[in-house]
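Okay, entry.cif is below, mmCIF, C-alpha atoms and all ligand atoms:
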data_run
#
loop_
_atom_site.label_atom_id
_atom_site.label_comp_id
_atom_site.auth_asym_id
_atom_site.auth_seq_id
_atom_site.Cartn_x
_atom_site.Cartn_y
_atom_site.Cartn_z
CA MET W 1 -23.78 54.46 -59.99
CA ASN W 2 -23.76 55.43 -56.31
CA ASP W 3 -26.08 58.27 -55.35
CA GLN W 4 -25.48 58.39 -51.58
CA PRO W 5 -25.02 62.01 -50.40
CA ARG W 6 -21.42 62.91 -49.49
CA VAL W 7 -20.22 65.21 -46.73
CA THR W 8 -17.56 67.46 -48.25
CA GLN W 9 -14.52 69.21 -46.82
CA ASP W 10 -16.26 72.55 -47.47
CA PHE W 11 -19.31 71.48 -45.49
CA LEU W 12 -17.24 70.27 -42.52
CA ASP W 13 -14.94 73.30 -42.46
CA SER W 14 -17.74 75.83 -42.75
CA SER W 15 -20.15 74.24 -40.26
CA GLN W 16 -19.22 71.89 -37.42
CA TYR W 17 -15.44 72.24 -37.75
CA LEU W 18 -14.81 75.96 -38.00
CA GLU W 19 -11.50 76.56 -36.24
CA SER W 20 -13.27 78.36 -33.38
CA SER W 21 -15.67 75.41 -32.91
CA ILE W 22 -12.84 72.88 -32.96
CA LEU W 23 -11.02 74.78 -30.21
CA GLN W 24 -14.21 74.94 -28.16
CA TYR W 25 -14.73 71.18 -28.53
CA GLU W 26 -11.10 70.62 -27.54
CA SER W 27 -11.59 72.65 -24.36
CA ILE W 28 -14.41 70.25 -23.39
CA TYR W 29 -12.94 66.90 -24.49
CA GLY W 30 -9.39 67.69 -23.43
CA GLU W 31 -6.17 68.60 -25.20
CA ASP W 32 -5.86 67.08 -28.71
CA PHE W 33 -9.29 65.38 -28.60
CA VAL W 34 -12.71 65.93 -30.15
CA SER W 35 -14.49 62.78 -29.01
CA PRO W 36 -16.17 61.39 -25.88
CA GLY W 37 -13.84 60.53 -23.04
CA GLY W 38 -10.82 62.30 -24.53
CA ARG W 39 -7.40 60.89 -23.68
CA GLU W 40 -8.59 58.44 -21.00
CA VAL W 41 -11.04 56.53 -23.20
CA ALA W 42 -8.65 56.67 -26.18
CA SER W 43 -5.87 55.16 -24.10
CA GLU W 44 -8.15 52.37 -22.86
CA LEU W 45 -9.37 51.52 -26.37
CA ILE W 46 -5.91 51.57 -27.92
CA ALA W 47 -4.66 49.22 -25.18
CA SER W 48 -7.61 46.89 -25.86
CA MET W 49 -6.33 46.30 -29.42
CA GLU W 50 -3.23 44.56 -27.94
CA LEU W 51 -1.03 45.48 -30.91
CA ASP W 52 2.63 44.56 -31.10
CA PRO W 53 5.09 47.48 -30.95
CA GLY W 54 5.87 48.68 -34.47
CA SER W 55 2.42 47.69 -35.81
CA ARG W 56 1.02 49.94 -38.49
CA VAL W 57 -2.29 51.64 -37.67
CA LEU W 58 -4.63 53.83 -39.70
CA ASP W 59 -6.52 56.42 -37.61
CA VAL W 60 -9.53 57.33 -39.76
CA GLY W 61 -10.73 60.88 -39.10
CA CYS W 62 -7.81 61.57 -36.78
CA GLY W 63 -9.04 65.05 -35.86
CA LEU W 64 -6.47 66.94 -33.79
CA GLY W 65 -4.27 63.84 -33.62
CA GLY W 66 -4.71 62.95 -29.94
CA SER W 67 -5.16 59.21 -30.49
CA ALA W 68 -2.40 59.05 -33.09
CA PHE W 69 0.05 60.78 -30.73
CA LEU W 70 -0.89 58.41 -27.90
CA MET W 71 -0.45 55.35 -30.12
CA ALA W 72 3.00 56.49 -31.19
CA ARG W 73 4.24 57.72 -27.79
CA ASP W 74 2.73 55.22 -25.36
CA PHE W 75 2.28 52.13 -27.54
CA ASP W 76 5.19 52.42 -29.97
CA LEU W 77 2.94 52.13 -33.03
CA GLN W 78 3.43 53.59 -36.52
CA VAL W 79 0.39 55.68 -37.35
CA ASP W 80 -1.13 57.16 -40.48
CA GLY W 81 -3.85 59.67 -39.61
CA ILE W 82 -6.25 60.88 -42.28
CA ASP W 83 -8.91 63.57 -42.03
CA LEU W 84 -11.22 65.38 -44.44
CA SER W 85 -11.32 68.70 -42.56
CA ARG W 86 -8.53 71.07 -43.55
CA ASN W 87 -9.12 73.10 -40.38
CA MET W 88 -8.71 70.04 -38.21
CA LEU W 89 -5.63 68.84 -40.06
CA ALA W 90 -3.90 72.24 -39.94
CA LEU W 91 -4.16 72.24 -36.14
CA ALA W 92 -3.11 68.57 -35.95
CA GLU W 93 0.00 69.27 -38.04
CA GLN W 94 1.09 72.06 -35.67
CA LYS W 95 0.62 69.69 -32.74
CA LEU W 96 2.53 66.90 -34.49
CA THR W 97 5.54 69.16 -34.94
CA ALA W 98 5.29 70.46 -31.37
CA ASN W 99 5.17 66.86 -30.08
CA GLY W 100 8.20 65.83 -32.15
CA LEU W 101 6.46 62.68 -33.40
CA SER W 102 6.87 63.17 -37.15
CA ASP W 103 9.01 60.03 -37.44
CA ARG W 104 6.16 57.84 -36.16
CA VAL W 105 2.97 59.67 -37.18
CA ARG W 106 2.06 60.73 -40.72
CA LEU W 107 -0.95 62.99 -41.22
CA GLN W 108 -2.70 63.35 -44.52
CA TRP W 109 -5.72 65.15 -45.91
CA ALA W 110 -7.95 62.41 -47.31
CA ASP W 111 -11.51 61.19 -47.53
CA CYS W 112 -11.74 57.68 -46.10
CA LEU W 113 -14.26 56.78 -48.80
CA GLU W 114 -11.46 57.28 -51.32
CA LEU W 115 -8.91 55.02 -49.58
CA ASP W 116 -7.32 52.90 -52.26
CA CYS W 117 -4.53 51.11 -50.41
CA CYS W 118 -4.44 47.36 -50.13
CA ALA W 119 -3.50 45.17 -47.13
CA GLN W 120 -1.32 47.84 -45.48
CA TYR W 121 -2.55 48.10 -41.90
CA ASP W 122 -2.38 45.84 -38.87
CA ALA W 123 -5.23 47.82 -37.34
CA ILE W 124 -7.75 50.46 -38.28
CA TYR W 125 -8.98 52.69 -35.49
CA SER W 126 -11.57 55.45 -35.64
CA ARG W 127 -13.33 57.58 -33.06
CA ASP W 128 -16.70 59.17 -33.75
CA VAL W 129 -16.17 59.80 -37.45
CA PHE W 130 -18.48 57.47 -39.35
CA LEU W 131 -21.55 59.50 -38.28
CA HIS W 132 -20.44 61.81 -41.10
CA ILE W 133 -20.56 59.05 -43.71
CA ALA W 134 -23.73 57.97 -45.48
CA ASP W 135 -22.28 55.22 -47.63
CA LYS W 136 -21.36 52.76 -44.88
CA ALA W 137 -21.17 49.80 -47.27
CA ARG W 138 -18.44 51.51 -49.29
CA LEU W 139 -16.71 52.68 -46.11
CA PHE W 140 -16.28 49.18 -44.66
CA GLU W 141 -15.36 47.73 -48.05
CA ARG W 142 -12.50 50.28 -48.25
CA LEU W 143 -11.38 49.62 -44.68
CA TYR W 144 -11.43 45.87 -45.25
CA ALA W 145 -9.25 46.22 -48.34
CA ALA W 146 -6.79 48.51 -46.53
CA MET W 147 -6.25 46.01 -43.71
CA ARG W 148 -3.80 43.12 -43.64
CA PRO W 149 -5.16 39.61 -43.06
CA GLY W 150 -5.31 39.12 -39.28
CA GLY W 151 -5.84 42.88 -38.80
CA ARG W 152 -8.16 44.44 -36.25
CA LEU W 153 -10.86 47.07 -36.65
CA LEU W 154 -11.91 49.16 -33.66
CA PHE W 155 -14.17 52.21 -33.62
CA THR W 156 -16.70 54.13 -31.59
CA ASP W 157 -19.52 56.15 -33.07
CA TYR W 158 -22.71 58.05 -32.47
CA CYS W 159 -25.56 55.63 -33.18
CA CYS W 160 -29.33 55.84 -33.01
CA GLY W 161 -32.34 53.94 -31.76
CA ALA W 162 -34.90 52.46 -34.12
CA LYS W 163 -37.22 54.95 -35.84
CA PRO W 164 -39.56 56.76 -35.31
CA TRP W 165 -37.36 59.39 -33.66
CA SER W 166 -38.54 62.48 -31.83
CA ASP W 167 -38.87 65.58 -34.05
CA GLU W 168 -36.11 67.19 -32.02
CA PHE W 169 -33.65 64.34 -32.71
CA ASP W 170 -34.64 64.27 -36.38
CA GLU W 171 -33.90 68.01 -36.68
CA TYR W 172 -30.56 67.66 -34.86
CA VAL W 173 -29.44 64.85 -37.18
CA GLN W 174 -30.52 66.74 -40.29
CA GLU W 175 -28.94 70.02 -39.22
CA ARG W 176 -25.59 68.29 -38.58
CA GLY W 177 -25.83 66.25 -41.77
CA TYR W 178 -25.24 63.07 -39.75
CA SER W 179 -25.93 59.58 -41.10
CA LEU W 180 -26.63 57.44 -38.06
CA CYS W 181 -27.43 53.76 -37.80
CA THR W 182 -28.26 51.34 -35.01
CA THR W 183 -25.61 49.07 -33.49
CA ASP W 184 -27.26 46.08 -35.23
CA GLU W 185 -27.14 47.85 -38.60
CA TYR W 186 -23.45 48.58 -38.02
CA ALA W 187 -22.81 44.90 -37.24
CA ARG W 188 -24.43 43.95 -40.56
CA TYR W 189 -22.39 46.47 -42.56
CA ILE W 190 -19.19 45.20 -40.95
CA ALA W 191 -20.10 41.55 -41.62
CA ASN W 192 -21.11 42.27 -45.23
CA ALA W 193 -17.66 43.75 -45.87
CA GLY W 194 -16.10 40.41 -44.87
CA PHE W 195 -14.98 41.06 -41.27
CA GLU W 196 -15.30 38.31 -38.66
CA LYS W 197 -15.50 38.06 -34.86
CA ILE W 198 -17.68 41.16 -34.78
CA CYS W 199 -18.48 42.74 -31.44
CA ALA W 200 -21.08 45.55 -31.46
CA GLN W 201 -21.72 47.01 -27.99
CA ASP W 202 -24.21 49.67 -27.01
CA GLU W 203 -22.26 51.97 -24.68
CA THR W 204 -24.96 54.61 -24.20
CA GLU W 205 -24.83 54.48 -20.39
CA ARG W 206 -21.12 55.26 -20.50
CA PHE W 207 -21.80 57.99 -23.06
CA ILE W 208 -24.25 59.62 -20.65
CA ASN W 209 -21.68 59.51 -17.82
CA LEU W 210 -19.06 61.04 -20.09
CA LEU W 211 -21.47 63.77 -21.23
CA GLN W 212 -22.23 64.65 -17.64
CA ALA W 213 -18.53 64.92 -16.76
CA GLU W 214 -18.00 67.08 -19.85
CA GLU W 215 -20.93 69.32 -18.93
CA ALA W 216 -19.36 69.89 -15.51
CA ARG W 217 -16.12 70.88 -17.27
CA ILE W 218 -17.95 73.51 -19.36
CA GLU W 219 -18.44 75.47 -16.09
CA LEU W 220 -14.66 75.84 -15.74
CA ILE W 221 -13.81 76.91 -19.29
CA PRO W 222 -13.24 80.65 -19.66
CA MET W 223 -15.79 81.88 -22.24
CA PRO W 224 -18.59 84.43 -22.54
CA GLU W 225 -21.56 83.49 -20.38
CA THR W 226 -23.98 83.28 -23.35
CA ALA W 227 -21.66 80.84 -25.14
CA ARG W 228 -21.37 78.76 -21.95
CA GLN W 229 -25.14 78.53 -21.54
CA LYS W 230 -25.55 77.52 -25.20
CA MET W 231 -22.91 74.83 -24.89
CA LYS W 232 -24.34 73.49 -21.63
CA LEU W 233 -27.74 73.28 -23.26
CA ASN W 234 -26.30 71.31 -26.19
CA TRP W 235 -24.74 68.83 -23.78
CA GLN W 236 -27.94 68.55 -21.71
CA LYS W 237 -29.93 67.86 -24.87
CA LYS W 238 -27.54 65.05 -25.82
CA VAL W 239 -28.15 63.48 -22.40
CA GLN W 240 -31.93 63.83 -22.82
CA ARG W 241 -31.86 62.27 -26.29
CA ALA W 242 -29.68 59.42 -25.05
CA ARG W 243 -31.99 58.78 -22.10
CA ALA W 244 -34.98 58.81 -24.46
CA GLY W 245 -33.24 56.13 -26.55
CA ASP W 246 -32.88 58.10 -29.81
CA GLN W 247 -29.21 59.05 -29.51
CA ARG W 248 -26.91 56.13 -28.72
CA TRP W 249 -23.18 55.41 -28.63
CA GLY W 250 -21.55 52.23 -29.87
CA LEU W 251 -18.20 50.48 -29.56
CA PHE W 252 -17.31 48.06 -32.37
CA SER W 253 -14.50 45.66 -33.04
CA ALA W 254 -13.87 43.03 -35.71
CA LEU W 255 -11.09 41.02 -37.34
CA LYS W 256 -10.05 40.35 -40.91
CA ALA W 257 -9.43 36.62 -41.14
CA VAL W 258 -5.89 35.42 -41.89
C1 LIG A 1 -15.88 64.15 -33.95
S1 LIG A 1 -14.42 64.40 -34.85
C2 LIG A 1 -13.37 63.18 -34.09
C3 LIG A 1 -11.90 63.44 -34.29
C4 LIG A 1 -10.95 62.41 -33.67
N1 LIG A 1 -11.23 61.08 -34.16
C5 LIG A 1 -10.99 62.41 -32.18
O1 LIG A 1 -11.27 61.37 -31.57
O2 LIG A 1 -10.69 63.45 -31.57
C6 LIG A 1 -14.79 63.66 -36.42
C7 LIG A 1 -13.68 63.78 -37.46
O3 LIG A 1 -14.01 63.03 -38.64
C8 LIG A 1 -13.51 63.72 -39.77
N2 LIG A 1 -14.17 63.23 -40.98
C9 LIG A 1 -15.45 63.36 -41.34
N3 LIG A 1 -15.70 62.76 -42.52
C10 LIG A 1 -14.52 62.22 -42.93
C11 LIG A 1 -14.13 61.46 -44.08
N4 LIG A 1 -15.00 61.16 -45.04
N5 LIG A 1 -12.84 61.06 -44.18
C12 LIG A 1 -11.95 61.38 -43.20
N6 LIG A 1 -12.27 62.10 -42.09
C13 LIG A 1 -13.54 62.51 -41.95
C14 LIG A 1 -13.83 65.16 -39.40
O4 LIG A 1 -13.15 66.09 -40.21
C15 LIG A 1 -13.44 65.21 -37.93
O5 LIG A 1 -12.10 65.55 -37.76
#
I'd like the structure from this file rewritten - as C-alpha cells, please.
Ligand SMILES: C[S@@+](CC[C@H](N)C(=O)[O-])C[C@H]1O[C@@H](n2cnc3c(N)ncnc32)[C@H](O)[C@@H]1O
Amino acid sequence: MNDQPRVTQDFLDSSQYLESSILQYESIYGEDFVSPGGREVASELIASMELDPGSRVLDVGCGLGGSAFLMARDFDLQVDGIDLSRNMLALAEQKLTANGLSDRVRLQWADCLELDCCAQYDAIYSRDVFLHIADKARLFERLYAAMRPGGRLLFTDYCCGAKPWSDEFDEYVQERGYSLCTTDEYARYIANAGFEKICAQDETERFINLLQAEEARIELIPMPETARQKMKLNWQKKVQRARAGDQRWGLFSALKAV
C-alpha cells in the first residue's frame, strides 16, 4: 500500500494553475511556456537529445505545449503531451489547433503516475514538473516502462539543498505543495528505476541568470502596479533562496539500455 500524498487536478487548477495565473506565468516565460528559459532553453535541450526525425517523444507535464510544438515543428518529432491540469490543457489544445500541428502532436489529460504504456517512446522529456510529485520511485518506474530500450530521458526540475532549510523556504515549499529533492537524490531514484548513463547537473547559476532576465521582463508586462510588485518580489525571493543554497535547479539525463 502506497501512502505518499498525491497532488490532484483540483489542487493544481484551484491554486498554482488558475487560468489567470497560467497567463501571467506565460507573459514572463514567453509564449507557450511555463518554465525557466522559455523557448530558448527548450530548443537547446531538445536539440541535445539528438533524436532522429520521426522519433516518438512523451512530454510529461506539457503545460501550454511550447516544447511539444517545437519538437514537432523544428525537429520533426511525433509528440504525446500529457498534463494533469485541465486549465493548462484547455489552453494548450487551443494553441495546438491554432498552430496546425494536430497531425504530429497529441495532447491528453493524464497523471504521469498512472502511465501504463510499455516500451512506446524513444525519448521522455519533462520540464519542471516532477516538483509536483511526491512518489518519485513510482514516477521513474513508470517512465522506465514507457520507454523503448535505447530510449533517452531528459528533464529539468526545481531541486533543493540538503536540510535544514530556512523557515522561509520551508513555508514556500509547503504552501506550493512541492516535493523537492537534491540532485543526488534524483540520481539515485533514476538509477533505482533501471536507467543507465545518468547525468545529474546542478544548474542553479543558470537558474539565477534566467530568473534575473525574467524579473527584468516583468517591468515590461502590462499589469496593475500592485500585481507587478508582488510578482517581482516572488522572483527576487527565488533568487535569494537560490543564492542561499536552499532552492536549486537541476538538469538530468539518462538512457534505458538496449
Ligand atoms: C511548471 S509547469 C511546466 C509546464 C511545461 N512543462 C513547460 O515547460 O512550460 C508544470 C506542469 O506539470 C503539470 N503536472 C503536475 N503534476 C502532474 C502529473 N502528476 N502528471 C502530469 N502533469 C503534471 C502541471 O499541470 C503543469 O502544467
message: To one decimal place in Å, what is the distance between CA of Lys197 (chain W) and CA of Ala68 (chain W)?
response: 24.8 Å
Point-to-point distance from CA of Ser126 (chain W) to atom N4 of ligand LIG 1 (chain A), Å rounded to tenths: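 Result for CA of Ser126 (chain W) versus atom N4 of ligand LIG 1 (chain A): 11.5 Å, one decimal.
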task: Quick one: everything within 7 Å of region 34-40 of chain W, counting all atoms listed in the file, minus sequence neighbours fewer than 3 positions away in the same chain. Send it as a PyMOL selection string.
output: chain W and resi 25-26+29-30+43-44+63+127-128+210
Please build the interface table for chain W against ligand LIG 1 (chain A) with a cut-off of 6 Å, listing for each qualifying residue the nearest atom pair and the distance in Å to one decimal; count all atoms listed in the file, order rows by chain and increasing number, and write it as a tab-separated table.
residue	atom	partner	partner_atom	distance
W:Phe33	CA	A:LIG1	O2	3.8
W:Val34	CA	A:LIG1	O2	3.5
W:Ser35	CA	A:LIG1	O1	4.3
W:Val60	CA	A:LIG1	C12	5.8
W:Gly61	CA	A:LIG1	N6	3.6
W:Cys62	CA	A:LIG1	N1	4.3
W:Gly63	CA	A:LIG1	O5	3.6
W:Leu64	CA	A:LIG1	O2	5.9
W:Ile82	CA	A:LIG1	C12	5.8
W:Asp83	CA	A:LIG1	N6	3.7
W:Leu84	CA	A:LIG1	N6	4.2
W:Ser85	CA	A:LIG1	O4	4.0
W:Met88	CA	A:LIG1	O5	5.6
W:Ala110	CA	A:LIG1	C12	5.8
W:Asp111	CA	A:LIG1	N5	3.6
W:Cys112	CA	A:LIG1	N5	4.0
W:Leu113	CA	A:LIG1	N4	5.8
W:Ser126	CA	A:LIG1	N1	5.8
W:Arg127	CA	A:LIG1	N1	4.2
W:Asp128	CA	A:LIG1	C1	5.1
W:Val129	CA	A:LIG1	O3	4.1
W:His132	CA	A:LIG1	N3	5.0
task: May I have the residues within 8 Å of region 215-223 of chain W as a PyMOL selection string, using all atoms listed in the file and disregarding those fewer than 2 positions away in the same chain?
output: chain W and resi 27-28+211-213+225+227-228+231-232+235-236
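Among the candidates W:Ser48, W:Thr156, W:Asn87, W:Thr183, the residue lying nearest to Asp13 (chain W) is W:Asn87 (atoms considered: only C-alpha atoms).
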- request: Would you mind reading off the distance between CA of Met49 (chain W) and CA of Glu114 (chain W), one decimal, in Å?
  value: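 A separation of 25.0 Å between them.
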Pick from W:Ser55, W:Ser15, W:Thr182, W:Gln174, whichever lies nearest to Thr204 (chain W) using all atoms listed in the file: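 Nearest to Thr204 (chain W): W:Thr182.
Among the candidate residues W:Leu251, W:Val7, W:Leu233, W:Ala92, the one lying nearest to Ser179 (chain W) is W:Val7, with distances computed using all atoms listed in the file.
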Identify the residues within 12 Å of coordinate (-35.4, 57.5, -22.9) (same frame as the file), considering only C-alpha atoms, and give the answer as an mmCIF file with C-alpha atoms, in the frame of the given file.
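Done, and the output landed in selection-v6.cif:
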data_model
loop_
_atom_site.group_PDB
_atom_site.id
_atom_site.type_symbol
_atom_site.label_atom_id
_atom_site.label_comp_id
_atom_site.auth_asym_id
_atom_site.auth_seq_id
_atom_site.Cartn_x
_atom_site.Cartn_y
_atom_site.Cartn_z
ATOM 1 C CA CYS W 160 -29.330 55.840 -33.010
ATOM 2 C CA GLY W 161 -32.340 53.940 -31.760
ATOM 3 C CA TRP W 165 -37.360 59.390 -33.660
ATOM 4 C CA SER W 166 -38.540 62.480 -31.830
ATOM 5 C CA THR W 204 -24.960 54.610 -24.200
ATOM 6 C CA GLU W 205 -24.830 54.480 -20.390
ATOM 7 C CA ILE W 208 -24.250 59.620 -20.650
ATOM 8 C CA LYS W 237 -29.930 67.860 -24.870
ATOM 9 C CA LYS W 238 -27.540 65.050 -25.820
ATOM 10 C CA VAL W 239 -28.150 63.480 -22.400
ATOM 11 C CA GLN W 240 -31.930 63.830 -22.820
ATOM 12 C CA ARG W 241 -31.860 62.270 -26.290
ATOM 13 C CA ALA W 242 -29.680 59.420 -25.050
ATOM 14 C CA ARG W 243 -31.990 58.780 -22.100
ATOM 15 C CA ALA W 244 -34.980 58.810 -24.460
ATOM 16 C CA GLY W 245 -33.240 56.130 -26.550
ATOM 17 C CA ASP W 246 -32.880 58.100 -29.810
ATOM 18 C CA GLN W 247 -29.210 59.050 -29.510
ATOM 19 C CA ARG W 248 -26.910 56.130 -28.720
#
Find the nearest atom pair between each residue of region 6-63 of chain W and region 145-151 of chain W for residues within 12 Å, count all atoms listed in the file, give distances in Å to one decimal, sort rows by chain and ascending number, and present the table as CSV.
residue,atom,partner,partner_atom,distance
W:Met49,CA,W:Gly151,CA,10.0
W:Glu50,CA,W:Gly151,CA,11.3
W:Leu51,CA,W:Gly151,CA,9.6
W:Asp52,CA,W:Gly151,CA,11.6
W:Ser55,CA,W:Gly151,CA,10.0
W:Arg56,CA,W:Met147,CA,9.8
W:Val57,CA,W:Met147,CA,9.2
W:Leu58,CA,W:Ala146,CA,8.9
W:Asp59,CA,W:Ala146,CA,11.9
W:Val60,CA,W:Ala146,CA,11.5
If we count only C-alpha atoms and set the cut-off at 9 Å, which residues sit around Ala134 (chain W), ignoring sequence neighbours fewer than 4 positions away in its own chain? Please answer as a PDB file with C-alpha atoms, in the frame of the given file.
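Writing the result to around.pdb gives the following:
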ATOM      1  CA  GLN W   4     -25.480  58.390 -51.580  1.00  0.00           C
ATOM      2  CA  PRO W   5     -25.020  62.010 -50.400  1.00  0.00           C
ATOM      3  CA  ARG W   6     -21.420  62.910 -49.490  1.00  0.00           C
ATOM      4  CA  VAL W   7     -20.220  65.210 -46.730  1.00  0.00           C
ATOM      5  CA  PHE W 130     -18.480  57.470 -39.350  1.00  0.00           C
ATOM      6  CA  LEU W 139     -16.710  52.680 -46.110  1.00  0.00           C
ATOM      7  CA  TYR W 178     -25.240  63.070 -39.750  1.00  0.00           C
ATOM      8  CA  SER W 179     -25.930  59.580 -41.100  1.00  0.00           C
ATOM      9  CA  LEU W 180     -26.630  57.440 -38.060  1.00  0.00           C
TER      10      LEU W 180
END
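Shortest atom-to-atom contact with Leu45 (chain W) among W:Gln78, W:Phe155, W:Asp32, W:Thr8: W:Phe155, counting all atoms listed in the file.
Proximity of W:Thr97, W:Asn192, W:Ser253, W:Ser102 to Leu154 (chain W), computed with all atoms listed in the file, is greatest for W:Ser253.
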